[in-house]
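Listing of run.txt; format and content: compact mmCIF, C-alpha atoms and all ligand atoms.
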# COMPACT_ATOMS: atom_id res chain seq x y z
CA MET A 2 -40.23 7.42 16.70
CA SER A 3 -39.21 11.04 16.50
CA HIS A 4 -41.30 13.60 18.38
CA ASP A 5 -43.55 16.02 16.55
CA LEU A 6 -41.02 18.82 16.71
CA ARG A 7 -43.17 21.75 15.69
CA LYS A 8 -44.57 22.30 19.18
CA PHE A 9 -41.07 22.85 20.60
CA GLN A 10 -38.76 25.86 20.56
CA LYS A 11 -35.75 25.83 18.22
CA ALA A 12 -33.22 24.95 20.96
CA SER A 13 -35.31 21.90 21.87
CA GLN A 14 -35.77 20.99 18.23
CA VAL A 15 -32.04 20.81 17.48
CA VAL A 16 -31.49 18.56 20.48
CA HIS A 17 -34.25 16.14 19.49
CA ALA A 18 -34.64 16.33 15.69
CA GLY A 19 -34.13 12.86 14.16
CA GLN A 20 -33.39 11.47 17.63
CA SER A 21 -34.90 8.24 18.88
CA VAL A 22 -33.74 5.62 21.37
CA ASP A 23 -32.31 2.56 19.57
CA PRO A 24 -35.05 -0.09 19.94
CA THR A 25 -32.66 -3.07 20.18
CA THR A 26 -30.22 -1.75 22.80
CA GLY A 27 -31.73 1.37 24.32
CA SER A 28 -28.70 3.37 23.16
CA VAL A 29 -29.52 7.07 23.52
CA ALA A 30 -26.72 8.18 21.20
CA PRO A 31 -27.38 7.22 17.58
CA PRO A 32 -25.90 3.89 16.46
CA LEU A 33 -23.20 4.23 13.81
CA TYR A 34 -24.05 1.90 10.93
CA GLN A 35 -20.61 1.84 9.32
CA THR A 36 -21.55 -0.42 6.43
CA SER A 37 -21.65 -0.10 2.69
CA THR A 38 -24.43 -2.63 2.11
CA PHE A 39 -27.45 -4.28 3.79
CA ALA A 40 -28.33 -7.98 3.57
CA PHE A 41 -31.73 -9.03 2.22
CA GLU A 42 -33.59 -11.86 3.94
CA THR A 43 -34.77 -13.29 0.63
CA ALA A 44 -34.30 -12.64 -3.07
CA ALA A 45 -37.89 -11.46 -3.19
CA GLN A 46 -37.16 -8.89 -0.48
CA GLY A 47 -34.13 -7.58 -2.41
CA ALA A 48 -36.20 -7.26 -5.55
CA ALA A 49 -39.00 -5.50 -3.65
CA ARG A 50 -36.56 -2.98 -2.16
CA PHE A 51 -35.14 -2.21 -5.58
CA ALA A 52 -38.66 -1.91 -6.99
CA GLY A 53 -39.53 0.49 -4.18
CA THR A 54 -42.49 -1.61 -3.08
CA GLU A 55 -40.92 -2.42 0.29
CA PRO A 56 -39.11 0.09 2.50
CA GLY A 57 -35.64 -0.72 3.79
CA PHE A 58 -32.00 -0.07 3.16
CA ILE A 59 -30.08 -1.39 0.14
CA TYR A 60 -26.71 0.28 -0.21
CA THR A 61 -25.18 3.25 1.63
CA ARG A 62 -24.81 5.42 -1.50
CA MET A 63 -28.61 5.40 -1.62
CA GLY A 64 -29.36 5.51 2.10
CA ASN A 65 -28.11 4.45 5.54
CA PRO A 66 -29.82 4.61 8.97
CA THR A 67 -27.21 6.91 10.56
CA ILE A 68 -27.25 9.25 7.58
CA GLN A 69 -31.04 9.12 7.48
CA ARG A 70 -31.25 10.41 11.05
CA LEU A 71 -29.23 13.44 10.05
CA GLU A 72 -31.34 13.97 6.92
CA GLU A 73 -34.54 13.77 8.94
CA ALA A 74 -33.18 16.13 11.56
CA VAL A 75 -32.12 18.91 9.18
CA THR A 76 -35.26 18.43 7.05
CA ALA A 77 -37.43 18.88 10.15
CA LEU A 78 -35.52 22.00 11.23
CA GLU A 79 -35.87 23.52 7.74
CA GLY A 80 -39.56 22.57 7.51
CA GLY A 81 -38.97 20.55 4.33
CA ALA A 82 -40.28 17.23 3.01
CA ALA A 83 -37.07 15.25 2.47
CA GLY A 84 -33.31 15.69 2.80
CA PHE A 85 -30.20 14.32 1.12
CA ALA A 86 -26.95 14.43 3.07
CA THR A 87 -23.89 14.97 0.89
CA SER A 88 -20.14 14.69 1.28
CA SER A 89 -19.70 18.48 0.99
CA GLY A 90 -21.59 21.71 0.40
CA MET A 91 -20.31 21.73 -3.19
CA ALA A 92 -21.71 18.20 -3.62
CA ALA A 93 -25.07 19.53 -2.39
CA LEU A 94 -25.06 22.34 -4.95
CA ASN A 95 -23.97 20.11 -7.83
CA THR A 96 -26.62 17.53 -6.92
CA ILE A 97 -29.30 20.22 -7.19
CA LEU A 98 -27.97 21.45 -10.53
CA PHE A 99 -27.66 17.85 -11.82
CA ALA A 100 -31.25 17.15 -10.78
CA PHE A 101 -32.91 20.18 -12.33
CA LEU A 102 -30.83 21.53 -15.24
CA LYS A 103 -30.16 20.40 -18.79
CA SER A 104 -28.38 21.88 -21.77
CA GLY A 105 -30.06 25.13 -22.85
CA ASP A 106 -31.33 25.99 -19.36
CA HIS A 107 -30.43 29.22 -17.59
CA LEU A 108 -29.72 30.05 -13.94
CA VAL A 109 -29.98 33.43 -12.22
CA GLY A 110 -27.73 33.69 -9.18
CA THR A 111 -26.54 36.03 -6.42
CA ASP A 112 -23.34 37.68 -7.63
CA CYS A 113 -21.55 37.38 -4.29
CA VAL A 114 -22.16 33.70 -3.53
CA TYR A 115 -19.34 31.54 -2.17
CA GLY A 116 -16.72 31.84 -4.96
CA PRO A 117 -16.64 28.18 -6.12
CA SER A 118 -20.47 28.01 -6.19
CA ARG A 119 -20.40 30.66 -8.90
CA VAL A 120 -17.30 29.40 -10.69
CA VAL A 121 -18.68 25.87 -11.03
CA VAL A 122 -21.80 27.26 -12.74
CA GLU A 123 -20.04 29.76 -14.99
CA ARG A 124 -17.12 27.51 -15.93
CA ASP A 125 -18.16 23.88 -15.52
CA TRP A 126 -21.93 23.76 -15.97
CA ALA A 127 -21.38 26.08 -18.94
CA ARG A 128 -19.47 23.19 -20.60
CA PHE A 129 -22.75 21.28 -20.58
CA GLY A 130 -24.73 24.13 -22.15
CA VAL A 131 -26.10 25.75 -18.98
CA THR A 132 -26.01 29.54 -19.11
CA SER A 133 -26.16 31.86 -16.13
CA THR A 134 -26.50 35.46 -15.05
CA PHE A 135 -25.20 36.48 -11.63
CA VAL A 136 -26.72 39.72 -10.36
CA ASP A 137 -27.08 41.74 -7.19
CA THR A 138 -30.09 39.86 -5.84
CA ALA A 139 -30.31 42.34 -2.95
CA LYS A 140 -32.45 44.20 -5.51
CA PRO A 141 -35.48 42.01 -6.35
CA SER A 142 -35.87 43.95 -9.62
CA ALA A 143 -32.42 42.66 -10.68
CA ILE A 144 -33.71 39.07 -10.41
CA GLU A 145 -36.77 39.88 -12.49
CA ALA A 146 -34.64 41.63 -15.11
CA ALA A 147 -32.23 38.68 -15.41
CA ILE A 148 -34.92 36.02 -15.78
CA ARG A 149 -35.33 34.61 -19.30
CA PRO A 150 -37.85 32.15 -20.75
CA GLU A 151 -35.29 29.36 -20.28
CA THR A 152 -34.51 30.24 -16.62
CA LYS A 153 -35.04 27.12 -14.48
CA ILE A 154 -33.30 28.05 -11.22
CA VAL A 155 -32.97 31.22 -9.17
CA PHE A 156 -30.07 30.51 -6.82
CA ILE A 157 -29.54 32.84 -3.89
CA GLU A 158 -27.30 32.96 -0.89
CA THR A 159 -28.54 35.11 1.98
CA PRO A 160 -26.66 36.35 3.94
CA ALA A 161 -24.14 36.13 1.13
CA ASN A 162 -20.54 35.03 1.38
CA PRO A 163 -18.59 37.23 2.09
CA THR A 164 -20.46 40.53 1.85
CA VAL A 165 -23.31 39.53 4.20
CA SER A 166 -25.70 41.30 1.86
CA LEU A 167 -29.25 39.93 2.00
CA THR A 168 -31.83 38.87 -0.55
CA ASP A 169 -35.53 39.26 0.14
CA LEU A 170 -36.60 35.60 0.20
CA ALA A 171 -40.31 36.22 -0.40
CA ALA A 172 -39.62 38.59 -3.32
CA ALA A 173 -37.13 36.14 -4.85
CA SER A 174 -39.70 33.36 -4.52
CA ARG A 175 -42.35 35.46 -6.28
CA ALA A 176 -39.93 36.29 -9.10
CA ALA A 177 -38.91 32.65 -9.53
CA LYS A 178 -42.48 31.34 -9.40
CA SER A 179 -43.80 33.85 -11.91
CA ALA A 180 -41.13 32.56 -14.33
CA GLY A 181 -41.81 28.89 -13.56
CA ALA A 182 -38.32 28.56 -12.06
CA LEU A 183 -37.27 26.98 -8.76
CA LEU A 184 -35.94 29.06 -5.90
CA VAL A 185 -32.81 27.41 -4.46
CA VAL A 186 -31.41 29.00 -1.29
CA ASP A 187 -28.00 28.42 0.25
CA ASN A 188 -28.83 28.79 3.96
CA THR A 189 -25.30 28.07 5.23
CA PHE A 190 -24.67 31.47 6.86
CA ALA A 191 -27.92 31.62 8.83
CA SER A 192 -28.59 27.93 9.58
CA PRO A 193 -32.19 26.92 10.33
CA ILE A 194 -31.84 28.51 13.77
CA LEU A 195 -31.92 31.97 12.24
CA GLN A 196 -33.70 31.52 8.91
CA ARG A 197 -35.98 28.95 7.28
CA PRO A 198 -36.23 29.83 3.58
CA ILE A 199 -39.01 27.29 2.87
CA GLU A 200 -41.32 29.43 5.05
CA PHE A 201 -40.75 32.21 2.50
CA GLY A 202 -41.36 30.06 -0.58
CA ALA A 203 -37.98 28.42 -1.31
CA ASP A 204 -38.25 25.14 -3.22
CA VAL A 205 -34.87 23.69 -2.30
CA VAL A 206 -32.53 24.66 0.56
CA MET A 207 -28.88 23.68 0.68
CA HIS A 208 -26.17 23.83 3.32
CA SER A 209 -22.50 23.49 3.66
CA MET A 210 -22.83 21.58 6.94
CA THR A 211 -19.06 21.97 7.23
CA LYS A 212 -20.07 25.27 8.84
CA PHE A 213 -22.59 26.02 11.58
CA ILE A 214 -24.58 22.77 11.51
CA ASN A 215 -21.56 20.63 12.35
CA GLY A 216 -19.78 23.52 14.00
CA HIS A 217 -16.56 21.86 15.13
CA THR A 218 -14.29 22.36 12.12
CA ASP A 219 -13.64 18.62 11.88
CA ILE A 220 -15.66 17.47 8.85
CA VAL A 221 -16.73 18.65 5.40
CA ALA A 222 -20.41 17.95 4.71
CA GLY A 223 -23.49 19.19 2.88
CA MET A 224 -27.28 18.85 2.78
CA VAL A 225 -30.05 19.32 0.24
CA VAL A 226 -33.60 19.79 1.58
CA ALA A 227 -36.56 19.63 -0.79
CA ALA A 228 -39.68 21.56 0.16
CA THR A 229 -42.02 18.93 -1.30
CA MET A 230 -42.01 15.19 -1.99
CA GLU A 231 -42.53 15.98 -5.67
CA LEU A 232 -39.23 17.88 -5.78
CA SER A 233 -37.56 15.20 -3.68
CA LYS A 234 -38.52 12.58 -6.27
CA LYS A 235 -36.60 14.60 -8.86
CA ILE A 236 -33.54 14.88 -6.63
CA ARG A 237 -33.50 11.18 -5.66
CA PRO A 238 -32.24 9.76 -9.00
CA ALA A 239 -29.67 12.55 -9.36
CA PHE A 240 -28.43 11.79 -5.85
CA ASN A 241 -28.25 8.04 -6.46
CA TYR A 242 -26.44 8.31 -9.80
CA LEU A 243 -24.14 11.28 -9.18
CA GLY A 244 -22.96 9.60 -5.96
CA PRO A 245 -22.43 12.57 -3.61
CA CYS A 246 -23.36 10.63 -0.46
CA MET A 247 -21.58 11.12 2.83
CA ASP A 248 -19.90 8.51 4.96
CA PRO A 249 -21.89 7.19 7.96
CA HIS A 250 -19.20 8.33 10.38
CA GLN A 251 -19.34 11.83 8.89
CA ALA A 252 -23.12 11.77 9.47
CA TRP A 253 -22.63 10.62 13.04
CA LEU A 254 -20.27 13.54 13.73
CA ALA A 255 -22.60 16.03 12.04
CA LEU A 256 -25.49 14.75 14.19
CA ARG A 257 -23.40 15.26 17.31
CA GLY A 258 -22.50 18.77 16.19
CA LEU A 259 -26.11 19.60 15.34
CA ARG A 260 -27.23 19.01 18.93
CA THR A 261 -25.46 22.19 20.08
CA LEU A 262 -26.30 24.32 17.03
CA SER A 263 -28.63 26.60 18.94
CA LEU A 264 -26.17 27.11 21.83
CA ARG A 265 -23.26 27.75 19.48
CA MET A 266 -25.17 30.03 17.13
CA ASN A 267 -26.48 32.14 19.98
CA ALA A 268 -23.05 32.42 21.63
CA SER A 269 -21.31 33.29 18.36
CA GLN A 270 -24.01 35.78 17.45
CA ASP A 271 -23.84 37.52 20.84
CA ASN A 272 -20.08 37.87 20.33
CA ALA A 273 -20.54 39.08 16.73
CA ILE A 274 -22.99 41.79 17.79
CA LYS A 275 -20.38 43.15 20.22
CA LEU A 276 -17.46 42.79 17.80
CA ALA A 277 -19.35 44.53 14.98
CA ALA A 278 -20.12 47.47 17.28
CA PHE A 279 -16.46 47.57 18.37
CA LEU A 280 -15.24 47.57 14.78
CA GLU A 281 -17.73 50.23 13.72
CA ARG A 282 -16.41 52.58 16.43
CA HIS A 283 -12.74 51.87 15.70
CA PRO A 284 -10.90 54.78 14.02
CA LYS A 285 -8.77 52.46 11.87
CA VAL A 286 -11.78 50.70 10.35
CA GLU A 287 -13.10 52.06 7.05
CA TRP A 288 -16.47 50.29 7.05
CA VAL A 289 -18.26 47.33 8.68
CA ARG A 290 -21.03 45.21 7.19
CA TYR A 291 -23.14 43.17 9.62
CA PRO A 292 -26.90 42.56 9.41
CA GLY A 293 -27.24 43.42 13.11
CA LEU A 294 -25.93 46.96 12.65
CA GLU A 295 -28.40 49.70 11.80
CA SER A 296 -25.87 50.86 9.20
CA HIS A 297 -26.44 47.64 7.20
CA PRO A 298 -28.47 48.72 4.15
CA GLN A 299 -30.88 45.83 4.72
CA TYR A 300 -31.18 46.04 8.50
CA ALA A 301 -34.99 46.04 8.25
CA LEU A 302 -35.01 43.00 5.97
CA ALA A 303 -32.73 41.15 8.41
CA GLN A 304 -35.27 41.80 11.16
CA ALA A 305 -38.13 40.64 8.94
CA GLN A 306 -36.78 37.37 7.59
CA MET A 307 -34.11 36.31 10.10
CA ASP A 308 -34.34 35.46 13.80
CA GLY A 309 -30.95 37.09 14.37
CA PRO A 310 -28.09 38.66 12.40
CA GLY A 311 -25.70 35.69 12.60
CA ALA A 312 -21.99 35.45 13.26
CA LEU A 313 -20.32 36.64 10.04
CA ILE A 314 -18.92 40.15 9.74
CA SER A 315 -17.18 41.74 6.80
CA PHE A 316 -15.13 44.90 7.16
CA GLU A 317 -12.25 46.83 5.69
CA VAL A 318 -9.32 48.38 7.52
CA LYS A 319 -8.29 51.89 6.45
CA GLY A 320 -5.37 51.39 4.08
CA GLY A 321 -7.09 48.57 2.18
CA ILE A 322 -5.38 45.32 1.35
CA GLU A 323 -1.98 46.16 2.88
CA ALA A 324 -3.50 47.24 6.19
CA GLY A 325 -5.72 44.14 6.11
CA ARG A 326 -2.64 41.92 5.71
CA ILE A 327 -1.03 43.43 8.79
CA LEU A 328 -4.20 42.71 10.73
CA LEU A 329 -4.42 39.10 9.50
CA ASP A 330 -0.76 38.45 10.29
CA ASN A 331 -1.04 39.79 13.82
CA VAL A 332 -4.13 38.22 15.34
CA GLU A 333 -3.26 35.68 18.01
CA LEU A 334 -6.44 34.11 19.35
CA MET A 335 -8.22 34.27 16.01
CA THR A 336 -7.09 31.76 13.40
CA LEU A 337 -6.14 32.83 9.88
CA ALA A 338 -8.09 30.23 7.91
CA VAL A 339 -10.93 29.88 5.43
CA SER A 340 -14.19 28.15 6.37
CA LEU A 341 -16.59 29.51 8.96
CA GLY A 342 -19.26 28.59 11.46
CA GLY A 343 -17.04 26.71 13.92
CA VAL A 344 -16.56 27.28 17.64
CA GLU A 345 -13.30 29.09 16.96
CA THR A 346 -13.08 32.56 15.40
CA LEU A 347 -11.64 32.48 11.89
CA ILE A 348 -10.42 35.44 9.87
CA GLN A 349 -9.63 35.42 6.15
CA HIS A 350 -9.15 37.61 3.06
CA PRO A 351 -11.75 36.64 0.40
CA SER A 352 -10.22 38.34 -2.64
CA SER A 353 -6.97 36.35 -2.32
CA MET A 354 -8.51 33.25 -0.76
CA THR A 355 -12.15 32.01 -0.97
CA HIS A 356 -13.09 34.23 -3.93
CA ALA A 357 -9.73 34.29 -5.73
CA ALA A 358 -11.07 32.22 -8.65
CA MET A 359 -13.48 35.02 -9.57
CA SER A 360 -12.05 37.77 -11.77
CA GLN A 361 -11.22 41.02 -10.00
CA PRO A 362 -13.81 43.08 -11.95
CA GLU A 363 -16.49 40.52 -11.06
CA ARG A 364 -15.47 40.60 -7.42
CA ILE A 365 -15.59 44.39 -7.29
CA LYS A 366 -19.00 44.39 -9.00
CA ALA A 367 -20.22 41.93 -6.38
CA GLY A 368 -19.00 44.15 -3.53
CA ILE A 369 -15.96 42.01 -2.68
CA THR A 370 -13.38 44.76 -2.43
CA ASP A 371 -9.67 43.92 -2.39
CA GLY A 372 -9.40 45.02 1.23
CA LEU A 373 -12.48 43.15 2.55
CA VAL A 374 -11.72 41.00 5.59
CA ARG A 375 -14.20 38.32 6.67
CA LEU A 376 -14.62 37.35 10.27
CA SER A 377 -16.45 34.19 11.35
CA VAL A 378 -17.05 34.82 15.02
CA GLY A 379 -16.78 31.84 17.35
CA CYS A 380 -17.69 31.05 20.94
CA GLU A 381 -14.64 32.40 22.79
CA ASP A 382 -15.02 35.08 25.48
CA VAL A 383 -15.74 38.27 23.58
CA ARG A 384 -13.32 40.25 25.76
CA ASP A 385 -10.47 38.14 24.41
CA LEU A 386 -11.68 38.60 20.82
CA ILE A 387 -11.90 42.37 21.22
CA ALA A 388 -8.43 42.48 22.82
CA ASP A 389 -7.04 40.43 19.92
CA LEU A 390 -8.46 42.78 17.30
CA GLU A 391 -7.48 45.86 19.33
CA HIS A 392 -3.88 44.67 19.45
CA ALA A 393 -3.67 43.69 15.77
CA LEU A 394 -5.28 46.98 14.71
CA SER A 395 -2.78 48.92 16.83
CA LEU A 396 -0.02 47.56 14.58
CA VAL A 397 -1.68 48.76 11.35
N1 LIG A 401 -21.98 27.52 0.40
C1 LIG A 401 -21.43 28.44 1.21
C2 LIG A 401 -22.22 29.63 1.61
C3 LIG A 401 -20.13 28.26 1.66
O1 LIG A 401 -19.61 29.19 2.48
C4 LIG A 401 -19.39 27.12 1.24
C5 LIG A 401 -17.99 26.91 1.68
C6 LIG A 401 -20.00 26.20 0.39
C7 LIG A 401 -21.30 26.42 0.00
C8 LIG A 401 -19.28 24.96 -0.06
O2 LIG A 401 -19.29 24.06 0.98
P1 LIG A 401 -18.15 22.93 1.22
O3 LIG A 401 -18.10 22.09 -0.02
O4 LIG A 401 -16.87 23.63 1.47
O5 LIG A 401 -18.68 22.18 2.40
N2 LIG A 401 -17.38 28.07 2.18
C9 LIG A 401 -16.13 28.20 2.50
C10 LIG A 401 -15.57 29.43 2.92
O6 LIG A 401 -16.15 30.51 2.96
N3 LIG A 401 -14.30 29.24 3.22
O7 LIG A 401 -13.91 27.96 2.98
C11 LIG A 401 -15.05 27.21 2.52

As structure tokens, the full file:
Amino acid sequence: MSHDLRKFQKASQVVHAGQSVDPTTGSVAPPLYQTSTFAFETAAQGAARFAGTEPGFIYTRMGNPTIQRLEEAVTALEGGAAGFATSSGMAALNTILFAFLKSGDHLVGTDCVYGPSRVVVERDWARFGVTSTFVDTAKPSAIEAAIRPETKIVFIETPANPTVSLTDLAAASRAAKSAGALLVVDNTFASPILQRPIEFGADVVMHSMTKFINGHTDIVAGMVVAATMELSKKIRPAFNYLGPCMDPHQAWLALRGLRTLSLRMNASQDNAIKLAAFLERHPKVEWVRYPGLESHPQYALAQAQMDGPGALISFEVKGGIEAGRILLDNVELMTLAVSLGGVETLIQHPSSMTHAAMSQPERIKAGITDGLVRLSVGCEDVRDLIADLEHALSLV
């Protein structure tokens, strides 16, 4: 059986969440149940499992012991009631929307979410009659103003991708609850090490586990965590019928990655704090946005709702997009690639890459300027990272 995790510190929790010694072999590492289906002992047992009157596995799309360990681990870290591991972060988001929305419903969202998270709502869910309003949720009054009688979901990302602007979780929860809507929070940037939205009233938390939770840039994965069993019961049929499940091997890798989440997050964050300060002092840098800098407009909120400012920095080089290109083309240790939250430092240009599918006016309104550069700080020695940026900036 898993330990009662709540009495332990976060670093201990990530090592032990969902972990138990295999009772048949004593294996300390989790067994990999690479199977699509599970045999029933009798026809009556199969029928009972389908009827839900007897616990047990049926078919991997609906549940698998390796995947379940990962679901239990992330659910425990988030303080939720039940989790659903998905093949990607986008699968996690679409599972939530599939579970809770129907034609005629409305969603209020953070304007600077991960580009495809917004595009799929505005373009694809719109084809099924779902309307949406994306606003600057850094202002709680903007959420209240956008809510309509038919609003069913308030969807926020905090810190947001790529601007690292924050949304007040407790205020967003109050606004959603007063309208009878669910608060859905994308917690990818913070991970449960730094922020647990359910503590502030979130109903559903989602992750792209491709990022910090797995942390090794070798799988794509997602997770949905429901705050209550009642909400979980609504997600379960959507999950079973939409079919966004992950593969057991993917779950096994994500579990292995999860064990070092606290170590990696702390190392990356320590580096990010130093890099943000370096960038802020650099004469060729126009502006820096990082929740750990006092210059961040929501520095106080970061201190109140997060256990640390994280490892994502956005900034702009003087000279805008052209200067930014020179920087991106001249880093050596850092890798020019999208994605984030891995052990290696990644640098990318959101307006031509991750957020290119948004229109330029929408990007600008959401604070994603053409020259914005996003840095996902990894676990290298910070002296090497600073030297890399120093050299690339000297060529601008
Ligand atoms: N939510 C956030 C905050 C994300 O950053 C991403 C991916 C997703 C959801 C989607 O997750 P996926 O399906 O990729 O696992 N963000 C990416 C990024 O910033 N660069 O490449 C992918």

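Nearest to A:Ile214 of all the residues A:Lys319, A:Lys366, A:Arg265, A:Arg149 is A:Arg265, based on only C-alpha atoms.
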
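The gap separating atom C2 of ligand LIG 401 (chain A) from atom CA of A:Thr189 is 5.0 Å, in Å to one decimal.
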
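Minimum atom-to-atom distances from A:Thr370, A:Gln304, A:Gln10, A:Asn162 to ligand LIG 401 (chain A) were compared using only C-alpha atoms and all ligand atoms, and the lowest value belongs to A:Asn162.
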
Give as a count of residues only every residue, naming chains and numbers as the document does, that has an atom within 12 Å of (-19.9, 30.8, -8.7), counting only C-alpha atoms.
-> 41

Contacts between stretch 178-183 of chain A and stretch 82-135 of chain A, please, where a residue of stretch 82-135 of chain A counts if it comes within 12 Å (with all atoms listed in the file); show its shortest atom pair and distance in Å to one decimal, rows by chain and ascending number, as a Markdown table.
| residue | atom | partner | partner_atom | distance |
| --- | --- | --- | --- | --- |
| A:Ile97 | CA | A:Leu183 | CA | 10.6 |
| A:Leu98 | CA | A:Leu183 | CA | 11.0 |
| A:Ala100 | CA | A:Leu183 | CA | 11.7 |
| A:Phe101 | CA | A:Leu183 | CA | 8.8 |
| A:Leu102 | CA | A:Leu183 | CA | 10.6 |
| A:Asp106 | CA | A:Ala182 | CA | 10.4 |
| A:His107 | CA | A:Ala182 | CA | 9.7 |
| A:Leu108 | CA | A:Ala182 | CA | 8.9 |
| A:Val109 | CA | A:Ala182 | CA | 9.7 |
| A:Gly110 | CA | A:Leu183 | CA | 11.7 |

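Between A:Ser88 and the residues A:Leu243, A:Leu280, A:Met224, A:Ile369, the shortest atom-to-atom distance, using all atoms listed in the file, involves A:Met224.
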
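Between atom CA of A:His297 and atom CA of A:Asn215 the interatomic distance comes to 27.9 Å.
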
Could you give me, as JSON lines, every stretch 201-266 of chain A residue with an atom at most 12 Å from stretch 372-378 of chain A, plus its closest atom pair and distance in Å to one decimal, counting all atoms listed in the file, rows ordered by chain then number?
{"residue": "A:Lys212", "atom": "CA", "partner": "A:Ser377", "partner_atom": "CA", "distance": 9.9}
{"residue": "A:Phe213", "atom": "CA", "partner": "A:Ser377", "partner_atom": "CA", "distance": 10.2}
{"residue": "A:Gly216", "atom": "CA", "partner": "A:Ser377", "partner_atom": "CA", "distance": 11.5}
{"residue": "A:Arg265", "atom": "CA", "partner": "A:Val378", "partner_atom": "CA", "distance": 10.4}
{"residue": "A:Met266", "atom": "CA", "partner": "A:Val378", "partner_atom": "CA", "distance": 9.7}

Any chance you could tabulate, as JSON lines, the residues of stretch 174-269 of chain A at most 12 Å from stretch 28-44 of chain A with each one's nearest atom pair and distance in Å to one decimal, using all atoms listed in the file, in chain and rising number order?
{"residue": "A:Cys246", "atom": "CA", "partner": "A:Ser37", "partner_atom": "CA", "distance": 11.3}
{"residue": "A:Met247", "atom": "CA", "partner": "A:Ser37", "partner_atom": "CA", "distance": 11.2}
{"residue": "A:Asp248", "atom": "CA", "partner": "A:Gln35", "partner_atom": "CA", "distance": 8.0}
{"residue": "A:Pro249", "atom": "CA", "partner": "A:Gln35", "partner_atom": "CA", "distance": 5.7}
{"residue": "A:His250", "atom": "CA", "partner": "A:Leu33", "partner_atom": "CA", "distance": 6.7}
{"residue": "A:Gln251", "atom": "CA", "partner": "A:Leu33", "partner_atom": "CA", "distance": 9.8}
{"residue": "A:Ala252", "atom": "CA", "partner": "A:Leu33", "partner_atom": "CA", "distance": 8.7}
{"residue": "A:Trp253", "atom": "CA", "partner": "A:Leu33", "partner_atom": "CA", "distance": 6.5}
{"residue": "A:Leu254", "atom": "CA", "partner": "A:Leu33", "partner_atom": "CA", "distance": 9.8}
{"residue": "A:Ala255", "atom": "CA", "partner": "A:Pro31", "partner_atom": "CA", "distance": 11.5}
{"residue": "A:Leu256", "atom": "CA", "partner": "A:Pro31", "partner_atom": "CA", "distance": 8.5}
{"residue": "A:Arg257", "atom": "CA", "partner": "A:Ala30", "partner_atom": "CA", "distance": 8.7}
{"residue": "A:Arg260", "atom": "CA", "partner": "A:Ala30", "partner_atom": "CA", "distance": 11.1}

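What separates atom CA of A:Glu55 from atom CA of A:Gly223 is a distance of 27.9 Å.
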
Which residue, A:Ala12, A:Ile348, A:Cys380, A:Val131, has the smallest gap to ligand LIG 401 (chain A) when you use only C-alpha atoms and all ligand atoms?
-> A:Ile348

Give, as AutoDock Vina command-line options, the centre coordinates and the x, y and z edge lengths in Å to one decimal for an axis-aligned box around all listed atoms of ligand LIG 401 (chain A), padded by 6 Å on each side.
--center_x -18.1 --center_y 26.3 --center_z 1.6 --size_x 20.3 --size_y 20.4 --size_z 15.3

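Using only C-alpha atoms and all ligand atoms, the nearest neighbour of ligand LIG 401 (chain A) within the list A:Gly130, A:Gly320, A:Pro198, A:Pro160 is A:Pro160.
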
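Shortest atom-to-atom contact with A:Asn331 among A:Asp382, A:Glu73, A:Asp389, A:Glu295: A:Asp389, counting all atoms listed in the file.
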
Would you mind listing what lies within 7 Å of A:Thr159 as an mmCIF file with C-alpha atoms, in the coordinates of the input, with all atoms listed in the file counted and same-chain residues fewer than 6 positions away left out?
data_model
loop_
_atom_site.group_PDB
_atom_site.id
_atom_site.type_symbol
_atom_site.label_atom_id
_atom_site.label_comp_id
_atom_site.auth_asym_id
_atom_site.auth_seq_id
_atom_site.Cartn_x
_atom_site.Cartn_y
_atom_site.Cartn_z
ATOM 1 C CA SER A 166 -25.700 41.300 1.860
ATOM 2 C CA LEU A 167 -29.250 39.930 2.000
ATOM 3 C CA THR A 168 -31.830 38.870 -0.550
ATOM 4 C CA ASP A 187 -28.000 28.420 0.250
ATOM 5 C CA ASN A 188 -28.830 28.790 3.960
#

Tell me which protein, DNA and RNA residues are within 12 Å of A:Met230, counting only C-alpha atoms, leaving out same-chain ones fewer than 6 positions away, and put them as number ranges by chain.
-> A: 76, 81-84, 204-205, 236-237

Which neighbours of A:Ile387 fall inside 12 Å, counting all atoms listed in the file, when residues of the same chain fewer than 4 positions from it are skipped, and could you give them as an mmCIF file with C-alpha atoms, in the coordinates of the input?
data_model
loop_
_atom_site.group_PDB
_atom_site.id
_atom_site.type_symbol
_atom_site.label_atom_id
_atom_site.label_comp_id
_atom_site.auth_asym_id
_atom_site.auth_seq_id
_atom_site.Cartn_x
_atom_site.Cartn_y
_atom_site.Cartn_z
ATOM 1 C CA ASN A 272 -20.080 37.870 20.330
ATOM 2 C CA ALA A 273 -20.540 39.080 16.730
ATOM 3 C CA ILE A 274 -22.990 41.790 17.790
ATOM 4 C CA LYS A 275 -20.380 43.150 20.220
ATOM 5 C CA LEU A 276 -17.460 42.790 17.800
ATOM 6 C CA ALA A 277 -19.350 44.530 14.980
ATOM 7 C CA ALA A 278 -20.120 47.470 17.280
ATOM 8 C CA PHE A 279 -16.460 47.570 18.370
ATOM 9 C CA LEU A 280 -15.240 47.570 14.780
ATOM 10 C CA HIS A 283 -12.740 51.870 15.700
ATOM 11 C CA VAL A 332 -4.130 38.220 15.340
ATOM 12 C CA GLU A 333 -3.260 35.680 18.010
ATOM 13 C CA LEU A 334 -6.440 34.110 19.350
ATOM 14 C CA MET A 335 -8.220 34.270 16.010
ATOM 15 C CA THR A 346 -13.080 32.560 15.400
ATOM 16 C CA VAL A 378 -17.050 34.820 15.020
ATOM 17 C CA GLU A 381 -14.640 32.400 22.790
ATOM 18 C CA ASP A 382 -15.020 35.080 25.480
ATOM 19 C CA VAL A 383 -15.740 38.270 23.580
ATOM 20 C CA GLU A 391 -7.480 45.860 19.330
ATOM 21 C CA HIS A 392 -3.880 44.670 19.450
ATOM 22 C CA ALA A 393 -3.670 43.690 15.770
ATOM 23 C CA LEU A 394 -5.280 46.980 14.710
#
